[in-house]
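Asks: Input file: final-v5.cif. Contents: mmCIF, C-alpha atoms and all ligand atoms.
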```
data_start
#
loop_
_atom_site.label_atom_id
_atom_site.label_comp_id
_atom_site.auth_asym_id
_atom_site.auth_seq_id
_atom_site.Cartn_x
_atom_site.Cartn_y
_atom_site.Cartn_z
CA MET A 1 106.95 -12.11 112.21
CA ASN A 2 107.53 -15.86 111.83
CA ILE A 3 108.04 -17.02 108.26
CA LEU A 4 107.89 -20.67 107.28
CA ALA A 5 110.33 -20.95 104.36
CA ILE A 6 110.53 -23.72 101.79
CA GLU A 7 113.46 -24.31 99.43
CA SER A 8 113.43 -27.10 96.84
CA SER A 9 115.24 -25.66 93.83
CA CYS A 10 117.58 -28.60 93.18
CA ASP A 11 118.61 -31.60 95.27
CA GLU A 12 118.03 -30.22 98.77
CA THR A 13 114.60 -30.28 100.39
CA ALA A 14 114.78 -27.61 103.04
CA CYS A 15 112.33 -25.95 105.42
CA ALA A 16 112.94 -23.39 108.15
CA ILE A 17 111.12 -21.02 110.46
CA VAL A 18 112.74 -17.58 110.61
CA LYS A 19 111.72 -14.81 113.01
CA ASP A 20 111.89 -11.19 111.80
CA GLY A 21 114.32 -12.12 109.03
CA ILE A 22 117.23 -12.64 111.42
CA GLU A 23 116.56 -15.43 113.86
CA CYS A 24 116.54 -19.06 112.86
CA LEU A 25 113.97 -20.86 115.02
CA SER A 26 114.05 -24.16 113.18
CA ASN A 27 116.02 -25.52 110.22
CA VAL A 28 115.82 -28.89 108.49
CA VAL A 29 117.60 -29.95 105.28
CA ALA A 30 117.32 -33.31 103.50
CA SER A 31 119.52 -33.97 100.50
CA SER A 32 119.40 -36.44 97.63
CA LYS A 33 123.10 -35.76 96.89
CA ASP A 34 124.06 -39.42 97.42
CA PHE A 35 121.78 -40.52 94.60
CA HIS A 36 123.45 -38.10 92.16
CA GLU A 37 126.96 -39.20 93.03
CA LYS A 38 126.32 -42.45 91.17
CA THR A 39 125.44 -40.58 87.99
CA GLY A 40 128.11 -37.87 88.40
CA GLY A 41 125.47 -35.14 88.20
CA VAL A 42 121.87 -34.35 89.08
CA VAL A 43 119.26 -36.26 87.07
CA PRO A 44 116.30 -33.85 87.25
CA GLU A 45 113.69 -36.60 87.37
CA VAL A 46 115.46 -38.31 90.29
CA ALA A 47 115.85 -34.98 92.14
CA ALA A 48 112.12 -34.21 91.71
CA ARG A 49 111.09 -37.65 92.96
CA LYS A 50 113.30 -37.27 96.02
CA GLN A 51 111.78 -33.83 96.66
CA MET A 52 108.35 -35.50 96.68
CA GLU A 53 109.57 -38.17 99.09
CA PHE A 54 111.21 -35.71 101.50
CA ILE A 55 108.92 -32.68 101.55
CA VAL A 56 106.29 -33.89 104.05
CA PRO A 57 108.76 -35.41 106.59
CA VAL A 58 110.93 -32.27 106.41
CA LEU A 59 107.91 -29.99 106.91
CA ASN A 60 106.72 -32.15 109.78
CA GLU A 61 110.10 -31.96 111.47
CA VAL A 62 110.45 -28.21 111.09
CA LEU A 63 106.93 -27.64 112.43
CA GLN A 64 107.63 -30.09 115.26
CA GLY A 65 104.31 -31.75 114.67
CA ASP A 66 102.27 -28.54 114.95
CA ARG A 67 100.16 -28.67 111.79
CA SER A 68 97.83 -25.82 112.76
CA GLY A 69 100.13 -23.05 111.46
CA LYS A 70 99.10 -20.90 114.42
CA ASN A 71 102.66 -19.66 114.99
CA ILE A 72 103.32 -18.92 111.34
CA ASP A 73 102.58 -15.48 109.87
CA ALA A 74 103.58 -16.08 106.23
CA ILE A 75 104.97 -18.74 103.93
CA ALA A 76 108.00 -18.08 101.73
CA VAL A 77 108.99 -20.28 98.83
CA THR A 78 111.77 -20.39 96.27
CA THR A 79 110.27 -19.90 92.81
CA GLY A 80 113.53 -20.00 90.83
CA PRO A 81 116.06 -20.48 89.45
CA GLY A 82 116.36 -24.24 89.59
CA LEU A 83 114.99 -27.47 88.19
CA ALA A 84 111.31 -27.19 87.25
CA GLY A 85 110.25 -30.50 88.79
CA SER A 86 112.10 -29.81 92.05
CA LEU A 87 110.82 -26.23 92.32
CA LEU A 88 107.23 -27.33 91.78
CA VAL A 89 107.28 -29.68 94.78
CA GLY A 90 108.16 -26.83 97.17
CA ILE A 91 105.85 -24.38 95.43
CA TYR A 92 102.82 -26.69 95.66
CA ALA A 93 103.55 -27.52 99.29
CA ALA A 94 103.69 -23.76 99.99
CA LYS A 95 100.51 -23.03 98.03
CA THR A 96 98.63 -25.79 99.84
CA LEU A 97 99.71 -24.53 103.28
CA SER A 98 98.89 -20.95 102.31
CA PHE A 99 95.41 -22.08 101.22
CA MET A 100 94.76 -24.31 104.24
CA TRP A 101 96.07 -21.87 106.85
CA ASN A 102 94.89 -18.74 105.06
CA LYS A 103 98.36 -17.18 105.34
CA PRO A 104 100.15 -14.93 102.83
CA ILE A 105 102.60 -16.48 100.40
CA VAL A 106 105.85 -14.74 99.41
CA PRO A 107 107.96 -15.81 96.38
CA VAL A 108 111.75 -15.69 96.79
CA ASN A 109 114.53 -15.62 94.22
CA HIS A 110 116.99 -18.32 95.31
CA LEU A 111 119.99 -16.18 94.30
CA VAL A 112 118.87 -13.21 96.38
CA GLY A 113 118.31 -15.76 99.14
CA HIS A 114 121.96 -16.84 99.15
CA ILE A 115 122.98 -13.24 99.95
CA TYR A 116 120.53 -13.01 102.85
CA ALA A 117 122.33 -15.81 104.68
CA ASN A 118 124.35 -12.84 105.97
CA PHE A 119 121.36 -11.39 107.82
CA ILE A 120 120.90 -14.40 110.08
CA LYS A 121 122.03 -13.75 113.63
CA LYS A 122 125.21 -15.64 114.39
CA ILE A 123 125.48 -17.45 117.67
CA ASP A 124 129.00 -16.21 118.43
CA MET A 125 128.58 -12.68 117.12
CA ASN A 126 131.71 -10.69 116.41
CA GLU A 127 131.27 -7.69 118.68
CA ILE A 128 133.29 -5.34 116.51
CA GLN A 129 130.95 -5.77 113.54
CA PRO A 130 127.56 -4.10 113.40
CA PHE A 131 125.02 -6.90 113.59
CA LEU A 132 123.05 -6.22 110.43
CA PRO A 133 124.82 -5.47 107.16
CA GLU A 134 124.62 -1.80 106.28
CA PHE A 135 124.07 -0.36 102.81
CA PRO A 136 125.36 0.43 100.28
CA ALA A 137 126.87 -3.02 99.91
CA VAL A 138 128.57 -5.04 97.23
CA ALA A 139 127.64 -8.73 97.13
CA LEU A 140 129.59 -11.51 95.51
CA LEU A 141 127.37 -14.50 94.80
CA VAL A 142 129.45 -17.59 94.06
CA SER A 143 127.42 -20.76 93.80
CA GLY A 144 127.23 -23.94 91.76
CA GLY A 145 125.32 -22.32 88.92
CA HIS A 146 126.03 -18.59 89.31
CA THR A 147 128.79 -16.03 89.80
CA ASP A 148 127.45 -12.50 90.06
CA LEU A 149 128.61 -9.17 91.45
CA ILE A 150 125.77 -6.98 92.69
CA TYR A 151 125.64 -3.46 94.06
CA ILE A 152 122.94 -3.27 96.73
CA LYS A 153 121.65 0.21 97.51
CA ASN A 154 119.04 -1.10 99.91
CA HIS A 155 116.77 -4.10 100.36
CA GLY A 156 115.20 -4.81 96.97
CA GLU A 157 117.37 -2.21 95.18
CA TYR A 158 119.92 -4.22 93.26
CA VAL A 159 122.22 -3.16 90.44
CA TYR A 160 123.86 -5.91 88.41
CA LEU A 161 127.56 -5.16 87.97
CA GLY A 162 128.71 -8.28 86.17
CA GLY A 163 128.89 -12.03 86.23
CA THR A 164 130.35 -15.07 84.62
CA LEU A 165 130.22 -15.29 80.86
CA ASP A 166 130.47 -19.11 80.94
CA ASP A 167 131.03 -21.49 83.88
CA ALA A 168 130.16 -20.45 87.41
CA ALA A 169 132.95 -20.59 90.01
CA GLY A 170 131.40 -23.65 91.70
CA GLU A 171 130.93 -25.36 88.36
CA ALA A 172 134.62 -24.72 87.55
CA PHE A 173 135.65 -26.23 90.91
CA ASP A 174 133.45 -29.28 90.28
CA LYS A 175 134.56 -29.85 86.67
CA THR A 176 138.23 -29.43 87.61
CA ALA A 177 137.85 -31.83 90.55
CA ARG A 178 136.46 -34.39 88.13
CA LEU A 179 139.22 -33.75 85.63
CA LEU A 180 141.86 -34.25 88.33
CA GLY A 181 140.19 -37.48 89.44
CA ILE A 182 139.41 -36.00 92.87
CA SER A 183 135.64 -36.46 92.77
CA LYS A 184 132.95 -37.17 90.20
CA TYR A 185 130.30 -34.96 91.74
CA LEU A 186 130.36 -31.67 93.71
CA GLY A 187 134.13 -31.90 94.15
CA GLY A 188 134.69 -28.26 95.21
CA VAL A 189 135.24 -29.06 98.87
CA LEU A 190 137.55 -32.01 98.12
CA LEU A 191 139.55 -30.04 95.57
CA SER A 192 140.08 -27.32 98.15
CA LYS A 193 141.15 -29.92 100.72
CA LYS A 194 143.62 -31.36 98.22
CA ALA A 195 144.95 -27.86 97.50
CA SER A 196 145.62 -27.32 101.19
CA GLU A 197 147.93 -30.38 101.16
CA CYS A 198 150.32 -28.61 98.74
CA GLU A 199 153.30 -27.25 100.68
CA ASN A 200 155.17 -25.63 97.82
CA ASN A 201 153.26 -24.43 94.75
CA LEU A 202 155.81 -25.03 92.02
CA LEU A 203 153.17 -24.03 89.45
CA LYS A 204 152.72 -20.54 90.95
CA GLY A 205 151.33 -18.13 88.36
CA ARG A 206 151.27 -20.76 85.62
CA LEU A 207 147.48 -20.83 85.22
CA PRO A 208 145.68 -17.80 83.75
CA ARG A 209 143.70 -15.36 85.91
CA PRO A 210 140.93 -14.87 83.32
CA MET A 211 139.65 -11.32 82.75
CA ILE A 212 141.41 -10.00 85.87
CA ASN A 213 142.68 -6.92 84.04
CA GLU A 214 139.52 -6.18 82.08
CA ASP A 215 137.76 -3.03 83.11
CA ASN A 216 134.45 -4.69 83.94
CA TYR A 217 132.94 -6.94 86.61
CA ASP A 218 132.61 -10.04 84.46
CA PHE A 219 134.25 -13.41 84.96
CA SER A 220 135.14 -16.40 82.81
CA PHE A 221 136.21 -19.75 84.22
CA SER A 222 135.84 -22.25 81.40
CA GLY A 223 139.26 -21.42 79.89
CA LEU A 224 140.89 -22.04 83.25
CA LYS A 225 139.46 -25.54 83.32
CA THR A 226 140.85 -26.15 79.81
CA ALA A 227 144.25 -24.79 80.89
CA VAL A 228 144.28 -27.31 83.77
CA LYS A 229 143.44 -30.11 81.32
CA ARG A 230 146.30 -29.12 79.01
CA MET A 231 148.73 -28.79 81.92
CA VAL A 232 147.85 -32.26 83.20
CA GLU A 233 148.16 -33.82 79.73
CA MET A 234 151.53 -32.19 78.99
CA GLU A 235 153.28 -32.28 82.38
CA ASN A 236 151.32 -34.56 84.70
CA PRO A 237 152.18 -32.50 87.84
CA PRO A 238 151.18 -33.63 91.35
CA VAL A 239 147.41 -33.29 91.85
CA ASP A 240 147.73 -31.23 95.05
CA THR A 241 149.92 -28.66 93.26
CA VAL A 242 147.50 -28.26 90.33
CA ALA A 243 144.58 -28.05 92.75
CA CYS A 244 146.43 -25.34 94.72
CA GLU A 245 147.28 -23.30 91.62
CA PHE A 246 143.70 -23.67 90.33
CA GLU A 247 142.19 -22.51 93.62
CA ASN A 248 144.62 -19.59 93.77
CA ALA A 249 143.69 -18.54 90.23
CA VAL A 250 139.92 -18.59 90.91
CA VAL A 251 140.25 -16.80 94.25
CA ASP A 252 142.68 -14.19 92.82
CA VAL A 253 140.11 -13.16 90.19
CA LEU A 254 137.12 -13.23 92.54
CA VAL A 255 138.87 -11.16 95.22
CA TYR A 256 140.44 -8.66 92.82
CA LYS A 257 137.25 -7.88 90.93
CA THR A 258 135.11 -7.77 94.04
CA MET A 259 137.42 -5.29 95.75
CA ARG A 260 137.50 -3.16 92.62
CA ALA A 261 133.68 -2.99 92.77
CA VAL A 262 133.82 -2.16 96.49
CA ASN A 263 136.17 0.75 95.77
CA LYS A 264 134.28 2.05 92.75
CA TYR A 265 130.90 2.01 94.50
CA ASN A 266 132.15 3.14 97.92
CA ALA A 267 130.49 0.18 99.57
CA ARG A 268 130.27 0.18 103.36
CA THR A 269 129.77 -3.55 103.41
CA LEU A 270 130.85 -6.61 101.50
CA LEU A 271 128.56 -9.64 101.43
CA LEU A 272 129.53 -13.11 100.29
CA GLY A 273 126.99 -15.78 99.37
CA GLY A 274 126.60 -19.18 97.68
CA GLY A 275 128.29 -22.56 98.10
CA VAL A 276 131.77 -21.38 97.09
CA SER A 277 131.75 -18.90 99.99
CA ALA A 278 132.48 -22.00 102.11
CA ASN A 279 135.95 -21.96 100.53
CA ASN A 280 138.54 -21.16 103.20
CA GLN A 281 140.95 -19.27 101.00
CA LEU A 282 138.18 -17.08 99.59
CA ARG A 283 136.80 -16.38 103.08
CA ASN A 284 140.22 -15.46 104.49
CA ARG A 285 141.31 -13.26 101.64
CA ILE A 286 138.00 -11.39 101.34
CA LEU A 287 138.09 -10.74 105.10
CA LEU A 288 141.68 -9.51 104.92
CA GLU A 289 140.99 -7.15 102.01
CA SER A 290 137.88 -5.78 103.72
CA LYS A 291 139.87 -5.13 106.88
CA LYS A 292 142.54 -3.29 104.86
CA ARG A 293 139.87 -1.01 103.42
CA GLY A 294 138.06 -0.57 106.73
CA ILE A 295 134.71 -1.89 105.55
CA SER A 296 132.61 -4.54 107.24
CA CYS A 297 132.55 -7.95 105.70
CA PHE A 298 129.84 -10.57 106.16
CA ILE A 299 130.36 -14.22 105.30
CA PRO A 300 127.70 -16.82 106.11
CA PRO A 301 128.58 -19.72 108.41
CA VAL A 302 129.54 -22.74 106.29
CA SER A 303 126.22 -24.44 107.12
CA LEU A 304 124.32 -21.56 105.45
CA CYS A 305 126.52 -21.30 102.33
CA THR A 306 124.92 -24.18 100.41
CA ASP A 307 121.19 -24.56 99.87
CA ASN A 308 118.88 -24.18 102.87
CA ALA A 309 115.59 -22.48 103.67
CA VAL A 310 116.87 -20.18 106.43
CA TYR A 311 118.10 -17.57 103.99
CA ILE A 312 114.87 -17.89 102.01
CA GLY A 313 112.96 -16.86 105.16
CA SER A 314 115.29 -13.91 105.66
CA ALA A 315 115.10 -12.74 102.04
CA ALA A 316 111.29 -12.98 102.18
CA PHE A 317 111.14 -10.78 105.29
CA PHE A 318 113.39 -8.03 103.93
CA ASN A 319 111.97 -8.11 100.38
CA TYR A 320 108.37 -8.86 101.33
CA THR A 321 106.24 -9.23 98.17
CA GLU A 322 102.94 -10.86 98.95
CA LYS A 323 101.28 -12.59 95.96
CA ASN A 324 98.04 -14.42 95.22
CA ILE A 325 98.40 -18.17 95.14
CA ASP A 326 97.66 -18.16 91.38
CA GLU A 327 100.54 -15.75 90.73
CA ILE A 328 103.14 -18.08 92.23
CA ASN A 329 104.86 -20.10 89.51
CA ALA A 330 108.14 -21.91 89.01
CA ASN A 331 110.65 -19.91 87.00
CA PRO A 332 113.63 -22.23 86.34
CA SER A 333 115.73 -19.57 84.59
CA LEU A 334 115.16 -16.62 86.94
CA GLY A 335 118.22 -14.33 87.02
CA ILE A 336 119.36 -12.38 90.06
CA MET A 337 117.81 -9.16 88.73
CA ASP A 338 114.52 -10.68 87.59
CA LYS A 339 111.31 -9.64 89.23
CA PHE A 340 108.66 -12.29 89.82
N1 LIG A 401 134.96 -25.29 100.13
C1 LIG A 401 134.56 -25.14 98.88
N2 LIG A 401 135.42 -24.72 97.93
C2 LIG A 401 135.03 -24.54 96.66
N3 LIG A 401 133.77 -24.81 96.22
C3 LIG A 401 132.88 -25.23 97.11
C4 LIG A 401 133.21 -25.43 98.48
N4 LIG A 401 132.10 -25.85 99.13
C5 LIG A 401 131.11 -25.93 98.21
N5 LIG A 401 131.57 -25.56 97.00
C6 LIG A 401 130.84 -25.52 95.73
O1 LIG A 401 129.62 -24.83 95.89
C7 LIG A 401 128.70 -25.30 94.91
C8 LIG A 401 127.35 -25.56 95.54
O2 LIG A 401 126.85 -24.33 95.94
P1 LIG A 401 125.28 -24.02 95.97
O3 LIG A 401 124.62 -25.09 96.75
O4 LIG A 401 125.14 -22.63 96.40
O5 LIG A 401 124.98 -24.16 94.43
P2 LIG A 401 123.64 -24.51 93.72
O6 LIG A 401 122.52 -24.27 94.67
O7 LIG A 401 123.79 -25.84 93.10
O8 LIG A 401 123.63 -23.44 92.57
P3 LIG A 401 122.74 -22.10 92.45
O9 LIG A 401 122.62 -21.55 93.82
O10 LIG A 401 123.55 -21.25 91.55
O11 LIG A 401 121.46 -22.53 91.87
C9 LIG A 401 129.30 -26.56 94.30
O12 LIG A 401 129.77 -26.24 93.03
C10 LIG A 401 130.41 -26.90 95.28
O13 LIG A 401 131.49 -27.60 94.70
MG MG A 402 122.12 -22.50 95.62
#
```
Step by step, read the file and then write its structure as structure tokens.
Replies:
Amino acid sequence: MNILAIESSCDETACAIVKDGIECLSNVVASSKDFHEKTGGVVPEVAARKQMEFIVPVLNEVLQGDRSGKNIDAIAVTTGPGLAGSLLVGIYAAKTLSFMWNKPIVPVNHLVGHIYANFIKKIDMNEIQPFLPEFPAVALLVSGGHTDLIYIKNHGEYVYLGGTLDDAAGEAFDKTARLLGISKYLGGVLLSKKASECENNLLKGRLPRPMINEDNYDFSFSGLKTAVKRMVEMENPPVDTVACEFENAVVDVLVYKTMRAVNKYNARTLLLGGGVSANNQLRNRILLESKKRGISCFIPPVSLCTDNAVYIGSAAFFNYTEKNIDEINANPSLGIMDKF
């Protein structure tokens, strides 16, 4: 089954064609990120206008000029969470194609999508790992707006274990990068690069590991950001050392609580998803811990960690919920457990 997937929840306009939920046949992403750098954050109106500008060229490129839809069996579209104006552009493109081509339309929760980046066939497959993730699994979703731990019994059977009570991990990276003068917008990658320049972390253990010892699966990162601010004001340490200690603190908590969930729920598989799963330290440490426990660990390639439509096509295939065109609506505040 070939699914044409459309993702437009924020500042990426993305379309992909995915075969049987696992094979990426075509993948195009346009981003309006550069326009938001100037303002230090996404202006929803600007993001929506850019979605309108990009959607037709991106669709045209992914379809390679074939506008008949003859090779497409269904259309998947992100319905939330995200910015209303941005979501609507993708949703109306999907509804129009569904109507014109008389093909089914499948709504997808963007957060569930992030996790399904792990079901896409990798080009250089690790032969030791089984190709498709097996259940039960524990998934750690770490993105710009969300940090959630989920127990997955099977496709579509999700149990929410916990999540952030305030800032998401990506948000904490971005706000701290700004505070340290590293970058005004989406500074996670640059903060991590700066952290890697630190050869000797003289601040080791000086920042808190929030909620690490609490007997739950929740997180809190806003206090960490404040602790960085106070440390900088009082001591003015080298930026690379603070960045290193900050990254260590976030990764310590994420890894510790995730592995506790893996143990408690006897997961066979650990799945990582969302933009922060591009973080090298998180990837390495999660892999190492999974190896120690003898479970398989899936981490998306860096290109599939941030927003794209490939994982939307995969999530649609494995959680197939066909809807009438009239039932498809934008839901900006959809949570990971919410049904459509
Ligand atoms: N190497 C990295 N280290 C740390 N953070 C990173 C890295 N790469 C990307 N990020 C962070 O990932 C986030 C973007 O991820 P993503 O695109 O999944 O978020 P989003 O789509 O904006 O949010 P959501 O999916 O929750 O709606 C940003 O906060 C960015 O700083
Ligand atoms: Mg996202």
Asks: Kindly provide, as a ChimeraX atom specification, all nucleotide and amino acid residues lying within 8 Å of ligand LIG 401 (chain A), counting all atoms listed in the file.
Replies: /A:9-10,81-82,110-111,114,142-147,168-174,186-193,273-280,305-307
Asks: Would you mind reading off the distance between CA of Gly65 in chain A and CA of Pro300 in chain A, one decimal, in Å?
Replies: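 Distance reported for this atom pair: 29.0 Å.
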Asks: Choose the residue, out of A:Leu87, A:Leu207, A:Val108, A:Ala309, that has the smallest atom-to-atom separation from Ala14 in chain A; count all atoms listed in the file.
Replies: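 Of all the options, A:Ala309 lies closest to Ala14 in chain A.
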Asks: Find the residue from A:Leu141, A:Ile212, A:Cys244, A:Leu63 that sits nearest to ligand MG 402 (chain A); use all atoms listed in the file when measuring.
Replies: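 Residue with the minimum atom-to-atom distance to ligand MG 402 (chain A): A:Leu141.
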Asks: So which one's closest to ligand MG 402 (chain A), A:Val112, A:Ala227, A:Ile286, A:Leu140? Using only C-alpha atoms and all ligand atoms, please.
Replies: A:Val112
Asks: Determine, counting all atoms listed in the file, which protein, DNA and RNA residues have an atom within 12 Å of an atom of Asn201 in chain A; residues of the same chain fewer than 3 positions away are not included. Present the result as a PyMOL selection string.
Replies: chain A and resi 195-198+204-207+237-248
Asks: With distances taken over all atoms listed in the file, which of A:Val138, A:Ala16, A:Val77, A:Ile115 is nearest to ligand MG 402 (chain A)?
Replies: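 Checking each candidate against ligand MG 402 (chain A), we get A:Ile115 as the closest.
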Asks: Near Asn324 in chain A, counting only C-alpha atoms, which residues have an atom at most 10 Å away, once you skip same-chain residues fewer than 5 positions from it, shown as a count of residues only?
Replies: 5
Asks: Which is closer to ligand MG 402 (chain A) than all the others in A:Pro133, A:Pro44, A:Gly113, A:Gly156, using all atoms listed in the file?
Replies: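 Comparing A:Pro133, A:Pro44, A:Gly113, A:Gly156 against ligand MG 402 (chain A), the winner is A:Gly113.
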Asks: Got a sec: who's within 8 Å of range 56-61 of chain A, counting only C-alpha atoms, leaving out chain neighbours fewer than 5 positions off, as an MDAnalysis selection string?
Replies: chainID A and resid 13:15 28:30 66:67
Asks: Keeping C-alpha atoms, export the residues of the selection given above as a PDB file, in the coordinates of the input.
Replies:
```pdb
ATOM      1  CA  THR A  13     114.600 -30.280 100.390  1.00  0.00           C
ATOM      2  CA  ALA A  14     114.780 -27.610 103.040  1.00  0.00           C
ATOM      3  CA  CYS A  15     112.330 -25.950 105.420  1.00  0.00           C
ATOM      4  CA  VAL A  28     115.820 -28.890 108.490  1.00  0.00           C
ATOM      5  CA  VAL A  29     117.600 -29.950 105.280  1.00  0.00           C
ATOM      6  CA  ALA A  30     117.320 -33.310 103.500  1.00  0.00           C
ATOM      7  CA  ASP A  66     102.270 -28.540 114.950  1.00  0.00           C
ATOM      8  CA  ARG A  67     100.160 -28.670 111.790  1.00  0.00           C
TER       9      ARG A  67
END
```
Asks: Which residue out of A:Asn213, A:Asn319, A:Ser222, A:Asn102 has the minimum interatomic distance to Thr176 in chain A when all atoms listed in the file are used?
Replies: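 Among the listed residues, A:Ser222 lies closest to Thr176 in chain A.
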Asks: Using all atoms listed in the file, give me every residue within 9 Å of (114.8, -24.1, 107.8) in file coordinates, as a list in words.
Replies: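 Protein and nucleic acid residues near the point are Leu4, Ala5, Ile6, Glu7, Ala14, Cys15, Ala16, Ile17, Val18, Cys24, Leu25, Ser26, Asn27, Val28, Val29, Val62, Asn308, Ala309, Val310, Tyr311, Ile312 and Gly313 of chain A.
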Asks: Report as JSON the centre and the edge lengths, in Å to one decimal, of the axis-aligned box holding every listed atom of range 82-97 of chain A, padded by 6 Å on each side.
Replies:
```
{"center_x": 107.5, "center_y": -26.8, "center_z": 95.3, "size_x": 29.7, "size_y": 19.5, "size_z": 28.0}
```
Asks: What does the distance between CA of Gly163 in chain A and CA of Met211 in chain A come to in Å, to one decimal place?
Replies: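 Interatomic distance here is 11.3 Å.
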Asks: With all atoms listed in the file as the counted atoms, please give the residues lying no more than 10 Å from Ala47 in chain A, apart from itself and same-chain residues fewer than 6 positions off, as a PyMOL selection string.
Replies: chain A and resi 8-13+31-33+35-36+53+83+85-86
Asks: Generate a file of the selected residues that holds C-alpha atoms, formatted as a CSV table (one decimal), keeping the file's coordinate frame.
Replies:
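Listed below is the output, part34.csv:
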```csv
chain,number,residue,atom,x,y,z
A,8,SER,CA,113.4,-27.1,96.8
A,9,SER,CA,115.2,-25.7,93.8
A,10,CYS,CA,117.6,-28.6,93.2
A,11,ASP,CA,118.6,-31.6,95.3
A,12,GLU,CA,118.0,-30.2,98.8
A,13,THR,CA,114.6,-30.3,100.4
A,31,SER,CA,119.5,-34.0,100.5
A,32,SER,CA,119.4,-36.4,97.6
A,33,LYS,CA,123.1,-35.8,96.9
A,35,PHE,CA,121.8,-40.5,94.6
A,36,HIS,CA,123.4,-38.1,92.2
A,53,GLU,CA,109.6,-38.2,99.1
A,83,LEU,CA,115.0,-27.5,88.2
A,85,GLY,CA,110.2,-30.5,88.8
A,86,SER,CA,112.1,-29.8,92.0
```
Asks: Neighbours of Arg260 in chain A within 10 Å (only C-alpha atoms; same-chain residues fewer than 6 positions away dropped), as a tab-separated table (two decimals) with C-alpha atoms, keeping the file's coordinate frame?
Replies:
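Resulting contents of selection_14.tsv:
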```tsv
chain	number	residue	atom	x	y	z
A	215	ASP	CA	137.76	-3.03	83.11
A	216	ASN	CA	134.45	-4.69	83.94
A	217	TYR	CA	132.94	-6.94	86.61
A	266	ASN	CA	132.15	3.14	97.92
```
Asks: Kindly write N, CA and C atoms of range 56-70 of chain A from the structure just given to a file, as a PDB file, in the first residue's frame.
Replies:
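And here is the file that came out, part-v1.pdb:
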```
ATOM      1  N   VAL A  56       2.144  23.380  -2.559  1.00  0.00           N
ATOM      2  CA  VAL A  56       1.964  22.847  -3.922  1.00  0.00           C
ATOM      3  C   VAL A  56       3.314  22.432  -4.537  1.00  0.00           C
ATOM      4  N   PRO A  57       4.358  23.283  -4.462  1.00  0.00           N
ATOM      5  CA  PRO A  57       5.658  22.815  -5.001  1.00  0.00           C
ATOM      6  C   PRO A  57       6.168  21.539  -4.325  1.00  0.00           C
ATOM      7  N   VAL A  58       5.970  21.423  -3.010  1.00  0.00           N
ATOM      8  CA  VAL A  58       6.457  20.220  -2.309  1.00  0.00           C
ATOM      9  C   VAL A  58       5.665  18.989  -2.769  1.00  0.00           C
ATOM     10  N   LEU A  59       4.348  19.140  -2.891  1.00  0.00           N
ATOM     11  CA  LEU A  59       3.517  18.030  -3.381  1.00  0.00           C
ATOM     12  C   LEU A  59       3.930  17.635  -4.793  1.00  0.00           C
ATOM     13  N   ASN A  60       4.138  18.641  -5.621  1.00  0.00           N
ATOM     14  CA  ASN A  60       4.522  18.381  -7.007  1.00  0.00           C
ATOM     15  C   ASN A  60       5.836  17.604  -7.073  1.00  0.00           C
ATOM     16  N   GLU A  61       6.766  17.999  -6.216  1.00  0.00           N
ATOM     17  CA  GLU A  61       8.079  17.330  -6.243  1.00  0.00           C
ATOM     18  C   GLU A  61       7.963  15.880  -5.760  1.00  0.00           C
ATOM     19  N   VAL A  62       7.189  15.680  -4.708  1.00  0.00           N
ATOM     20  CA  VAL A  62       7.091  14.317  -4.164  1.00  0.00           C
ATOM     21  C   VAL A  62       6.353  13.395  -5.137  1.00  0.00           C
ATOM     22  N   LEU A  63       5.401  13.960  -5.874  1.00  0.00           N
ATOM     23  CA  LEU A  63       4.638  13.151  -6.840  1.00  0.00           C
ATOM     24  C   LEU A  63       5.362  13.056  -8.179  1.00  0.00           C
ATOM     25  N   GLN A  64       6.472  13.740  -8.274  1.00  0.00           N
ATOM     26  CA  GLN A  64       7.281  13.770  -9.507  1.00  0.00           C
ATOM     27  C   GLN A  64       6.423  14.061 -10.727  1.00  0.00           C
ATOM     28  N   GLY A  65       5.548  15.044 -10.531  1.00  0.00           N
ATOM     29  CA  GLY A  65       4.738  15.515 -11.652  1.00  0.00           C
ATOM     30  C   GLY A  65       3.525  14.658 -11.964  1.00  0.00           C
ATOM     31  N   ASP A  66       3.396  13.490 -11.336  1.00  0.00           N
ATOM     32  CA  ASP A  66       2.232  12.633 -11.609  1.00  0.00           C
ATOM     33  C   ASP A  66       1.046  13.083 -10.759  1.00  0.00           C
ATOM     34  N   ARG A  67       0.149  13.834 -11.370  1.00  0.00           N
ATOM     35  CA  ARG A  67      -0.979  14.395 -10.603  1.00  0.00           C
ATOM     36  C   ARG A  67      -2.210  13.508 -10.647  1.00  0.00           C
ATOM     37  N   SER A  68      -2.101  12.315 -11.227  1.00  0.00           N
ATOM     38  CA  SER A  68      -3.287  11.466 -11.363  1.00  0.00           C
ATOM     39  C   SER A  68      -3.601  10.720 -10.066  1.00  0.00           C
ATOM     40  N   GLY A  69      -2.600  10.519  -9.212  1.00  0.00           N
ATOM     41  CA  GLY A  69      -2.811   9.770  -7.970  1.00  0.00           C
ATOM     42  C   GLY A  69      -2.953   8.278  -8.209  1.00  0.00           C
ATOM     43  N   LYS A  70      -2.641   7.820  -9.407  1.00  0.00           N
ATOM     44  CA  LYS A  70      -2.894   6.394  -9.719  1.00  0.00           C
ATOM     45  C   LYS A  70      -2.025   5.439  -8.894  1.00  0.00           C
TER      46      LYS A  70
END
```
